[in-house]
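> Got a structure here, written out as structure tokens. Questions coming.
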Amino acid sequence: MTGVQTCALPISETEPARNNMEFQRPSMRNPVHFLAFGFGSGLAPIAPGTFGTVAAMPIWWLCAQLPLWGYLAVTAAVIAVGPYLCGKTSDDMHVHDHPGIVWDEIAGLLITMIAVPITPWGALAGFVAFRVFDIIKPWPIGWLDRRVAGGLGIMVDDLLAGVYAAAVVQLLRSEEHTSELQSPNAS
């Protein structure tokens, strides 16, 4: 196995390395690991999913400059390569869904932010909504997270959290727009 460093310890006390194999540390020199770990953001010692989402914000901002079809194409590409990146890195490390694998957060945030205006409010609303759904995992997100294996299993909960968060953000946007139209000061 190239691009990994051996570590005799499991990723955590509650999740021993699979099949009594040694846990492998990711190599940021390996492009698959580098991408799966969100350009290194997943190496954060606490809240790597949140750091991965923070790393996704500039990606969203850059992609949001594109026409909607371009944004959707980039989002589709991020989703399409995700199961491979996450699955390969997970297999190389001998652990399923290591917390530092955050490519799924990048994909989920891009889904959340579809057609969200590039404003501080839009950025904050999307970030918070996505993190809330990713953390609390309402049905069927948590159910899928526990039952779907491999790279797709790593991705699926965040993709669905992104859909839920997108619905909330778009609902908030429509409520805000409706309020503006009904305001007596509206022109």
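For the structure tokens, the naming scheme is as follows: chains receive sequential letters (A, B, ...) according to their order of presentation, residues are indexed from 1 within each chain, and ligands are indexed from 1 in presentation order.
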Which residues in region 27-157 of chain A does DSSP call helix (DSSP H, G or I)? List them as an NGL selection string.
:A and (31-36 or 38-43 or 48-63 or 68-93 or 103-112 or 120-136 or 141-147 or 150-157)
> At most 10 Å is the cut-off: for each residue in region 83-162 of chain A with any atom that close to an atom of region 55-61 of chain A, write down the nearest atom pair and the distance in Å rounded to one decimal, counting only C-alpha atoms, chain first then increasing number, as a tab-separated table.

```
residue	atom	partner	partner_atom	distance
A:Val102	CA	A:Ala55	CA	9.4
A:Trp103	CA	A:Ala56	CA	8.9
A:Glu105	CA	A:Ala56	CA	7.5
A:Ile106	CA	A:Ala56	CA	5.0
A:Ala107	CA	A:Ala56	CA	8.3
A:Gly108	CA	A:Ala56	CA	9.3
A:Leu109	CA	A:Ala56	CA	6.9
A:Leu110	CA	A:Trp60	CA	6.1
A:Ile111	CA	A:Trp60	CA	9.6
A:Thr112	CA	A:Trp60	CA	9.8
A:Met113	CA	A:Trp60	CA	7.2
A:Ile114	CA	A:Trp60	CA	9.0
A:Val116	CA	A:Trp60	CA	9.8
A:Pro117	CA	A:Trp61	CA	9.7
A:Ile118	CA	A:Trp61	CA	7.0
A:Thr119	CA	A:Trp61	CA	9.7
A:Ala123	CA	A:Met57	CA	7.7
A:Leu124	CA	A:Met57	CA	9.9
A:Gly126	CA	A:Met57	CA	9.6
A:Phe127	CA	A:Met57	CA	8.1
```
> Between CA of Leu144 (chain A) and CA of Ala129 (chain A), what is the distance, to one decimal in Å?
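According to the coordinates, CA of Leu144 (chain A) and CA of Ala129 (chain A) are separated by 19.3 Å.
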> One decimal, Å: what's the distance from CA of Leu172 (chain A) over to CA of Pro120 (chain A), could you say?
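Taking CA of Leu172 (chain A) as the start and CA of Pro120 (chain A) as the end point, the length is 14.3 Å.
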> With only C-alpha atoms as the basis for distance, which of A:Gly87, A:Ala166, A:Ile79, A:Val74 is at the shortest distance from Val132 (chain A)?
A:Ala166
> Given only C-alpha atoms as the basis, pick out the residue of A:Ile101, A:Val81, A:Met28, A:Leu35 nearest to Ile154 (chain A).
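Using only C-alpha atoms, the shortest distance to Ile154 (chain A) belongs to A:Ile101.
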> Closest to Pro31 (chain A) among A:Leu159, A:Cys86, A:Val128, A:Ile136, using only C-alpha atoms?
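When distances to Pro31 (chain A) are compared using only C-alpha atoms, the smallest one comes from A:Cys86.
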> Restricting the calculation to only C-alpha atoms, which member of A:Ala167, A:Ala149, A:Leu62, A:Met93 is positioned closest to Phe130 (chain A)?
A:Ala167
> Name the residues in contact with Lys137 (chain A) at a cut-off of 12 Å, using only C-alpha atoms, excluding same-chain residues fewer than 6 positions from it; report them as a ChimeraX atom specification.
/A:129-131,143-146,156-162,164-165
> Based on the selection just made, write N, CA, C and O atoms of those residues as a PDB file, in the first residue's frame.

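Printed below is out14.pdb as written:
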```
ATOM      1  N   ALA A 129     -27.265  25.488   8.528  1.00  0.00           N
ATOM      2  CA  ALA A 129     -28.278  24.476   8.201  1.00  0.00           C
ATOM      3  C   ALA A 129     -27.617  23.145   7.854  1.00  0.00           C
ATOM      4  O   ALA A 129     -28.047  22.085   8.329  1.00  0.00           O
ATOM      5  N   PHE A 130     -26.573  23.196   7.049  1.00  0.00           N
ATOM      6  CA  PHE A 130     -25.905  21.945   6.683  1.00  0.00           C
ATOM      7  C   PHE A 130     -25.288  21.265   7.893  1.00  0.00           C
ATOM      8  O   PHE A 130     -25.442  20.053   8.090  1.00  0.00           O
ATOM      9  N   ARG A 131     -24.580  22.015   8.734  1.00  0.00           N
ATOM     10  CA  ARG A 131     -23.941  21.390   9.904  1.00  0.00           C
ATOM     11  C   ARG A 131     -24.993  20.787  10.833  1.00  0.00           C
ATOM     12  O   ARG A 131     -24.801  19.704  11.377  1.00  0.00           O
ATOM     13  N   TRP A 143     -30.338   6.552   9.430  1.00  0.00           N
ATOM     14  CA  TRP A 143     -30.614   5.175   9.029  1.00  0.00           C
ATOM     15  C   TRP A 143     -29.709   4.773   7.869  1.00  0.00           C
ATOM     16  O   TRP A 143     -29.094   3.712   7.882  1.00  0.00           O
ATOM     17  N   LEU A 144     -29.613   5.633   6.841  1.00  0.00           N
ATOM     18  CA  LEU A 144     -28.737   5.357   5.703  1.00  0.00           C
ATOM     19  C   LEU A 144     -27.272   5.315   6.129  1.00  0.00           C
ATOM     20  O   LEU A 144     -26.506   4.471   5.666  1.00  0.00           O
ATOM     21  N   ASP A 145     -26.895   6.226   7.015  1.00  0.00           N
ATOM     22  CA  ASP A 145     -25.514   6.295   7.483  1.00  0.00           C
ATOM     23  C   ASP A 145     -25.083   4.976   8.114  1.00  0.00           C
ATOM     24  O   ASP A 145     -23.940   4.543   7.955  1.00  0.00           O
ATOM     25  N   ARG A 146     -26.002   4.322   8.811  1.00  0.00           N
ATOM     26  CA  ARG A 146     -25.680   3.056   9.486  1.00  0.00           C
ATOM     27  C   ARG A 146     -25.753   1.850   8.555  1.00  0.00           C
ATOM     28  O   ARG A 146     -25.203   0.801   8.874  1.00  0.00           O
ATOM     29  N   VAL A 156     -23.443   9.289   1.420  1.00  0.00           N
ATOM     30  CA  VAL A 156     -24.902   9.406   1.317  1.00  0.00           C
ATOM     31  C   VAL A 156     -25.528  10.253   2.413  1.00  0.00           C
ATOM     32  O   VAL A 156     -26.446  11.029   2.149  1.00  0.00           O
ATOM     33  N   ASP A 157     -25.057  10.146   3.651  1.00  0.00           N
ATOM     34  CA  ASP A 157     -25.668  10.929   4.720  1.00  0.00           C
ATOM     35  C   ASP A 157     -25.446  12.421   4.518  1.00  0.00           C
ATOM     36  O   ASP A 157     -26.346  13.229   4.758  1.00  0.00           O
ATOM     37  N   ASP A 158     -24.280  12.796   4.039  1.00  0.00           N
ATOM     38  CA  ASP A 158     -23.998  14.216   3.826  1.00  0.00           C
ATOM     39  C   ASP A 158     -24.742  14.760   2.602  1.00  0.00           C
ATOM     40  O   ASP A 158     -25.148  15.921   2.587  1.00  0.00           O
ATOM     41  N   LEU A 159     -24.914  13.923   1.590  1.00  0.00           N
ATOM     42  CA  LEU A 159     -25.677  14.356   0.419  1.00  0.00           C
ATOM     43  C   LEU A 159     -27.126  14.633   0.811  1.00  0.00           C
ATOM     44  O   LEU A 159     -27.701  15.662   0.431  1.00  0.00           O
ATOM     45  N   LEU A 160     -27.708  13.742   1.595  1.00  0.00           N
ATOM     46  CA  LEU A 160     -29.084  13.945   2.032  1.00  0.00           C
ATOM     47  C   LEU A 160     -29.186  15.105   3.024  1.00  0.00           C
ATOM     48  O   LEU A 160     -30.150  15.880   2.979  1.00  0.00           O
ATOM     49  N   ALA A 161     -28.192  15.257   3.905  1.00  0.00           N
ATOM     50  CA  ALA A 161     -28.173  16.418   4.803  1.00  0.00           C
ATOM     51  C   ALA A 161     -28.127  17.704   3.976  1.00  0.00           C
ATOM     52  O   ALA A 161     -28.773  18.700   4.325  1.00  0.00           O
ATOM     53  N   GLY A 162     -27.394  17.674   2.863  1.00  0.00           N
ATOM     54  CA  GLY A 162     -27.346  18.831   1.972  1.00  0.00           C
ATOM     55  C   GLY A 162     -28.693  19.132   1.346  1.00  0.00           C
ATOM     56  O   GLY A 162     -29.088  20.299   1.224  1.00  0.00           O
ATOM     57  N   TYR A 164     -31.692  18.346   2.667  1.00  0.00           N
ATOM     58  CA  TYR A 164     -32.539  18.885   3.741  1.00  0.00           C
ATOM     59  C   TYR A 164     -32.180  20.342   4.022  1.00  0.00           C
ATOM     60  O   TYR A 164     -33.058  21.187   4.169  1.00  0.00           O
ATOM     61  N   ALA A 165     -30.879  20.612   4.134  1.00  0.00           N
ATOM     62  CA  ALA A 165     -30.438  21.983   4.435  1.00  0.00           C
ATOM     63  C   ALA A 165     -30.803  22.929   3.294  1.00  0.00           C
ATOM     64  O   ALA A 165     -31.211  24.067   3.546  1.00  0.00           O
TER      65      ALA A 165
END
```
> From the list A:Gly150, A:Phe37, A:Gly122, A:Thr75, which residue is nearest Gly52 (chain A) when using only C-alpha atoms?
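Among the listed residues, the smallest separation from Gly52 (chain A) belongs to A:Phe37.
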